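S.K.: First the structure, then my questions, so here it is.
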Amino acid sequence: MAEQHSRLYGQQRRETAQELAARFLRSRTPIQELANEVNRRPAQVRQLLLEAGVRTSDATCLRETVDETADAVAHAYGRGRSMRELAHETGIDRRTLRLLLAQAGVESGIPPATSYSIDVAPLADAYLAGETLRALATSSGLSYHVIRTILLDAGVPLRKRGGAQP
């Protein structure tokens with residue numbers, strides 16, 4: 001396990017926050033990856049970015065208040081982002097994500113297919129033509145589990161695991 005850097009105080013903290021902010025804004029690297037690169041916890045990197053004044057309207061959910069962050073997380077989750085994806089992009093621990101979703105009035109778990117504003121027919125056609133669930137998830141930007149749930153809710157018979165059978 002990698003050794004964590006020492007605690008940051010005063011000028012060193014401000015300088016580190018500014019360096020991370022510049023790096024983040026230049027590359028838009030997900031917070032989890034940025035944390036790995038600088039050998040710090042994602043929560044600390046996220047806090048340093050906020051202290052440096054970084055605010056975003058994208059999936060990183062860097063917002064002014066906890067309520068705004070909860071709403072942003074709920075919006076991304078409602079659009080099909082998985083808890084794993086949200087944790088990776090935002091640097092927020094999954095337990096905290098669940099609390100934020102609850103605060104926004106959203107139950108964590110896979111939302112019903114009716115909550116997505118996507119056309120199921122092309123997904124079903126592609127799947128029935130031999131496309132895998134993982135490939136559909138990648139091409140649609142939704143998680144594997146959401147794609148699977150959408151197809152099941154639409155009555156599409158799913159193949160056995162391991163791909164198409166000869």
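Every chain in the structure tokens takes a letter, A first, then B, and so on in the order presented; its residues are numbered from 1, and the ligands are numbered from 1 following the presented order.
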Give me the range 61-98 of chain A side of the contact with range 130-140 of chain A, cut-off 12 Å, one line per residue showing its nearest atom pair and distance in Å at one decimal, counting only C-alpha atoms, sorted by chain and residue number, as JSON lines.

M.R.:
{"residue": "A:Arg79", "atom": "CA", "partner": "A:Ser140", "partner_atom": "CA", "distance": 10.9}
{"residue": "A:Gly80", "atom": "CA", "partner": "A:Ser140", "partner_atom": "CA", "distance": 9.7}
{"residue": "A:Arg81", "atom": "CA", "partner": "A:Ala137", "partner_atom": "CA", "distance": 10.5}
{"residue": "A:Ser82", "atom": "CA", "partner": "A:Ala137", "partner_atom": "CA", "distance": 11.0}

S.K.: Next, dump the selected residues to file, keeping only N, CA and C atoms, as a PDB file, in the first residue's frame.

M.R.:
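Output below, filename result.pdb:
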ATOM      1  N   ARG A  79     -29.352   9.670 -14.381  1.00  0.00           N
ATOM      2  CA  ARG A  79     -29.049   9.517 -15.803  1.00  0.00           C
ATOM      3  C   ARG A  79     -28.338   8.199 -16.078  1.00  0.00           C
ATOM      4  N   GLY A  80     -28.176   7.370 -15.046  1.00  0.00           N
ATOM      5  CA  GLY A  80     -27.622   6.039 -15.262  1.00  0.00           C
ATOM      6  C   GLY A  80     -26.195   5.833 -14.817  1.00  0.00           C
ATOM      7  N   ARG A  81     -25.573   6.810 -14.179  1.00  0.00           N
ATOM      8  CA  ARG A  81     -24.212   6.624 -13.683  1.00  0.00           C
ATOM      9  C   ARG A  81     -24.269   5.657 -12.500  1.00  0.00           C
ATOM     10  N   SER A  82     -23.370   4.694 -12.487  1.00  0.00           N
ATOM     11  CA  SER A  82     -23.338   3.739 -11.384  1.00  0.00           C
ATOM     12  C   SER A  82     -22.634   4.362 -10.180  1.00  0.00           C
TER      13      SER A  82
END

S.K.: Identify, on the basis of only C-alpha atoms, every residue whose closest approach to Ala76 in chain A does not exceed 12 Å; exclude the query and any residue fewer than 6 positions from it along the same chain; express the result as a PyMOL selection string.

M.R.: chain A and resi 57-61+69-70+82-83+85-87+89-90+97+100-101+104+106+116+141-143

S.K.: Print the selection's residues with N, CA, C and O atoms to a file, as a PDB file, in the first residue's frame.

M.R.:
ATOM      1  N   SER A  57     -19.617  21.995 -13.286  1.00  0.00           N
ATOM      2  CA  SER A  57     -21.002  21.616 -13.556  1.00  0.00           C
ATOM      3  C   SER A  57     -21.036  20.228 -14.177  1.00  0.00           C
ATOM      4  O   SER A  57     -22.061  19.794 -14.669  1.00  0.00           O
ATOM      5  N   ASP A  58     -19.917  19.520 -14.152  1.00  0.00           N
ATOM      6  CA  ASP A  58     -19.858  18.201 -14.769  1.00  0.00           C
ATOM      7  C   ASP A  58     -19.963  17.094 -13.713  1.00  0.00           C
ATOM      8  O   ASP A  58     -20.348  17.338 -12.581  1.00  0.00           O
ATOM      9  N   ALA A  59     -19.572  15.895 -14.106  1.00  0.00           N
ATOM     10  CA  ALA A  59     -19.734  14.718 -13.253  1.00  0.00           C
ATOM     11  C   ALA A  59     -18.850  14.727 -12.011  1.00  0.00           C
ATOM     12  O   ALA A  59     -19.043  13.905 -11.118  1.00  0.00           O
ATOM     13  N   THR A  60     -17.891  15.630 -11.908  1.00  0.00           N
ATOM     14  CA  THR A  60     -17.061  15.663 -10.707  1.00  0.00           C
ATOM     15  C   THR A  60     -17.834  16.204  -9.509  1.00  0.00           C
ATOM     16  O   THR A  60     -17.426  16.018  -8.374  1.00  0.00           O
ATOM     17  N   CYS A  61     -18.953  16.899  -9.762  1.00  0.00           N
ATOM     18  CA  CYS A  61     -19.846  17.377  -8.705  1.00  0.00           C
ATOM     19  C   CYS A  61     -19.146  18.253  -7.682  1.00  0.00           C
ATOM     20  O   CYS A  61     -19.414  18.172  -6.491  1.00  0.00           O
ATOM     21  N   THR A  69     -24.292  19.649  -4.151  1.00  0.00           N
ATOM     22  CA  THR A  69     -23.579  18.417  -4.473  1.00  0.00           C
ATOM     23  C   THR A  69     -24.547  17.240  -4.489  1.00  0.00           C
ATOM     24  O   THR A  69     -24.507  16.401  -5.393  1.00  0.00           O
ATOM     25  N   ALA A  70     -25.442  17.168  -3.506  1.00  0.00           N
ATOM     26  CA  ALA A  70     -26.427  16.085  -3.450  1.00  0.00           C
ATOM     27  C   ALA A  70     -27.309  16.110  -4.694  1.00  0.00           C
ATOM     28  O   ALA A  70     -27.582  15.054  -5.292  1.00  0.00           O
ATOM     29  N   SER A  82     -23.370   4.694 -12.487  1.00  0.00           N
ATOM     30  CA  SER A  82     -23.338   3.739 -11.384  1.00  0.00           C
ATOM     31  C   SER A  82     -22.634   4.362 -10.180  1.00  0.00           C
ATOM     32  O   SER A  82     -21.934   5.376 -10.296  1.00  0.00           O
ATOM     33  N   MET A  83     -22.810   3.746  -9.024  1.00  0.00           N
ATOM     34  CA  MET A  83     -22.138   4.216  -7.813  1.00  0.00           C
ATOM     35  C   MET A  83     -20.621   4.163  -8.012  1.00  0.00           C
ATOM     36  O   MET A  83     -19.901   5.065  -7.590  1.00  0.00           O
ATOM     37  N   GLU A  85     -18.936   4.421 -10.849  1.00  0.00           N
ATOM     38  CA  GLU A  85     -18.541   5.514 -11.743  1.00  0.00           C
ATOM     39  C   GLU A  85     -18.557   6.853 -11.016  1.00  0.00           C
ATOM     40  O   GLU A  85     -17.635   7.664 -11.164  1.00  0.00           O
ATOM     41  N   LEU A  86     -19.600   7.083 -10.234  1.00  0.00           N
ATOM     42  CA  LEU A  86     -19.683   8.339  -9.482  1.00  0.00           C
ATOM     43  C   LEU A  86     -18.533   8.461  -8.481  1.00  0.00           C
ATOM     44  O   LEU A  86     -17.937   9.536  -8.348  1.00  0.00           O
ATOM     45  N   ALA A  87     -18.217   7.382  -7.795  1.00  0.00           N
ATOM     46  CA  ALA A  87     -17.120   7.412  -6.830  1.00  0.00           C
ATOM     47  C   ALA A  87     -15.801   7.712  -7.533  1.00  0.00           C
ATOM     48  O   ALA A  87     -14.993   8.510  -7.049  1.00  0.00           O
ATOM     49  N   GLU A  89     -15.348   9.311 -10.496  1.00  0.00           N
ATOM     50  CA  GLU A  89     -15.315  10.652 -11.077  1.00  0.00           C
ATOM     51  C   GLU A  89     -15.272  11.748 -10.019  1.00  0.00           C
ATOM     52  O   GLU A  89     -14.639  12.782 -10.216  1.00  0.00           O
ATOM     53  N   THR A  90     -15.975  11.541  -8.918  1.00  0.00           N
ATOM     54  CA  THR A  90     -16.109  12.598  -7.923  1.00  0.00           C
ATOM     55  C   THR A  90     -15.105  12.506  -6.783  1.00  0.00           C
ATOM     56  O   THR A  90     -14.861  13.502  -6.113  1.00  0.00           O
ATOM     57  N   LEU A  97     -21.805   8.847  -0.965  1.00  0.00           N
ATOM     58  CA  LEU A  97     -22.698   8.996  -2.126  1.00  0.00           C
ATOM     59  C   LEU A  97     -24.111   8.546  -1.773  1.00  0.00           C
ATOM     60  O   LEU A  97     -25.087   9.200  -2.132  1.00  0.00           O
ATOM     61  N   LEU A 100     -25.708  11.229   0.251  1.00  0.00           N
ATOM     62  CA  LEU A 100     -26.079  12.366  -0.595  1.00  0.00           C
ATOM     63  C   LEU A 100     -27.329  12.054  -1.412  1.00  0.00           C
ATOM     64  O   LEU A 100     -28.208  12.905  -1.564  1.00  0.00           O
ATOM     65  N   LEU A 101     -27.413  10.833  -1.936  1.00  0.00           N
ATOM     66  CA  LEU A 101     -28.605  10.437  -2.694  1.00  0.00           C
ATOM     67  C   LEU A 101     -29.836  10.449  -1.790  1.00  0.00           C
ATOM     68  O   LEU A 101     -30.903  10.923  -2.192  1.00  0.00           O
ATOM     69  N   ALA A 104     -31.009  13.862  -1.243  1.00  0.00           N
ATOM     70  CA  ALA A 104     -31.698  14.397  -2.419  1.00  0.00           C
ATOM     71  C   ALA A 104     -33.019  13.672  -2.674  1.00  0.00           C
ATOM     72  O   ALA A 104     -33.703  13.958  -3.657  1.00  0.00           O
ATOM     73  N   VAL A 106     -33.396  10.341  -3.228  1.00  0.00           N
ATOM     74  CA  VAL A 106     -33.246   9.252  -4.199  1.00  0.00           C
ATOM     75  C   VAL A 106     -32.806   8.002  -3.456  1.00  0.00           C
ATOM     76  O   VAL A 106     -31.872   8.042  -2.666  1.00  0.00           O
ATOM     77  N   TYR A 116     -35.571   6.420 -17.347  1.00  0.00           N
ATOM     78  CA  TYR A 116     -34.585   6.855 -18.325  1.00  0.00           C
ATOM     79  C   TYR A 116     -35.276   7.387 -19.562  1.00  0.00           C
ATOM     80  O   TYR A 116     -36.262   6.836 -20.026  1.00  0.00           O
ATOM     81  N   GLY A 141     -23.209   4.906 -22.488  1.00  0.00           N
ATOM     82  CA  GLY A 141     -22.808   5.707 -21.339  1.00  0.00           C
ATOM     83  C   GLY A 141     -23.522   5.308 -20.057  1.00  0.00           C
ATOM     84  O   GLY A 141     -23.377   5.961 -19.035  1.00  0.00           O
ATOM     85  N   LEU A 142     -24.312   4.251 -20.113  1.00  0.00           N
ATOM     86  CA  LEU A 142     -25.008   3.751 -18.930  1.00  0.00           C
ATOM     87  C   LEU A 142     -24.219   2.583 -18.353  1.00  0.00           C
ATOM     88  O   LEU A 142     -23.363   2.016 -19.021  1.00  0.00           O
ATOM     89  N   SER A 143     -24.517   2.195 -17.132  1.00  0.00           N
ATOM     90  CA  SER A 143     -23.808   1.077 -16.531  1.00  0.00           C
ATOM     91  C   SER A 143     -24.364  -0.246 -17.064  1.00  0.00           C
ATOM     92  O   SER A 143     -25.483  -0.326 -17.574  1.00  0.00           O
TER      93      SER A 143
END

S.K.: Which polymer residues have any atom within 10 Å of an atom of Ala43 in chain A, counting only C-alpha atoms, with same-chain residues fewer than 5 positions away left out, as a ChimeraX atom specification?

M.R.: /A:31-32,35,48-49,90-93

S.K.: Write the selection just made, keeping N, CA, C and O atoms, as a compact mmCIF listing (two decimals), in the first residue's frame?

M.R.:
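Writing done, so here's out_34.txt:
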# COMPACT_ATOMS: atom_id res chain seq x y z
N ILE A 31 -11.17 12.60 -10.22
CA ILE A 31 -10.55 12.86 -8.91
C ILE A 31 -9.84 11.62 -8.36
O ILE A 31 -8.76 11.73 -7.80
N GLN A 32 -10.44 10.46 -8.54
CA GLN A 32 -9.81 9.22 -8.05
C GLN A 32 -8.43 9.03 -8.69
O GLN A 32 -7.47 8.71 -8.02
N ALA A 35 -5.97 11.65 -7.40
CA ALA A 35 -5.54 11.28 -6.05
C ALA A 35 -4.47 10.20 -6.10
O ALA A 35 -3.47 10.26 -5.37
N LEU A 48 -9.14 19.84 -1.29
CA LEU A 48 -8.15 20.81 -1.74
C LEU A 48 -8.61 21.54 -3.00
O LEU A 48 -8.40 22.75 -3.14
N LEU A 49 -9.26 20.83 -3.91
CA LEU A 49 -9.80 21.48 -5.11
C LEU A 49 -10.86 22.51 -4.74
O LEU A 49 -10.88 23.62 -5.28
N THR A 90 -15.98 11.54 -8.92
CA THR A 90 -16.11 12.60 -7.92
C THR A 90 -15.10 12.51 -6.78
O THR A 90 -14.86 13.50 -6.11
N GLY A 91 -14.57 11.31 -6.54
CA GLY A 91 -13.70 11.13 -5.38
C GLY A 91 -14.48 11.02 -4.08
O GLY A 91 -13.90 11.06 -3.01
N ILE A 92 -15.80 10.87 -4.19
CA ILE A 92 -16.65 10.74 -3.00
C ILE A 92 -16.83 9.25 -2.71
O ILE A 92 -17.19 8.48 -3.60
N ASP A 93 -16.60 8.87 -1.48
CA ASP A 93 -16.77 7.50 -1.04
C ASP A 93 -18.20 7.03 -1.30
O ASP A 93 -19.15 7.81 -1.20

S.K.: Could you check how far CA of Leu50 in chain A sits from CA of Ser6 in chain A, in Å to one decimal?

M.R.: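 Computed distance, CA of Leu50 in chain A to CA of Ser6 in chain A, equals 19.4 Å.
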
S.K.: Skip range 16-27 of chain A itself and residues of its chain fewer than 5 positions away, then list as a list of chain:residue names all residues within 10 Å of it, counting only C-alpha atoms.

M.R.: A:Leu8, A:Tyr9, A:Gln11, A:Leu34, A:Ala35, A:Val38, A:Gln44, A:Val45, A:Arg46, A:Gln47, A:Leu48, A:Leu49, A:Leu50, A:Glu51, A:Ala52, A:Gly53, A:Val54, A:Thr56
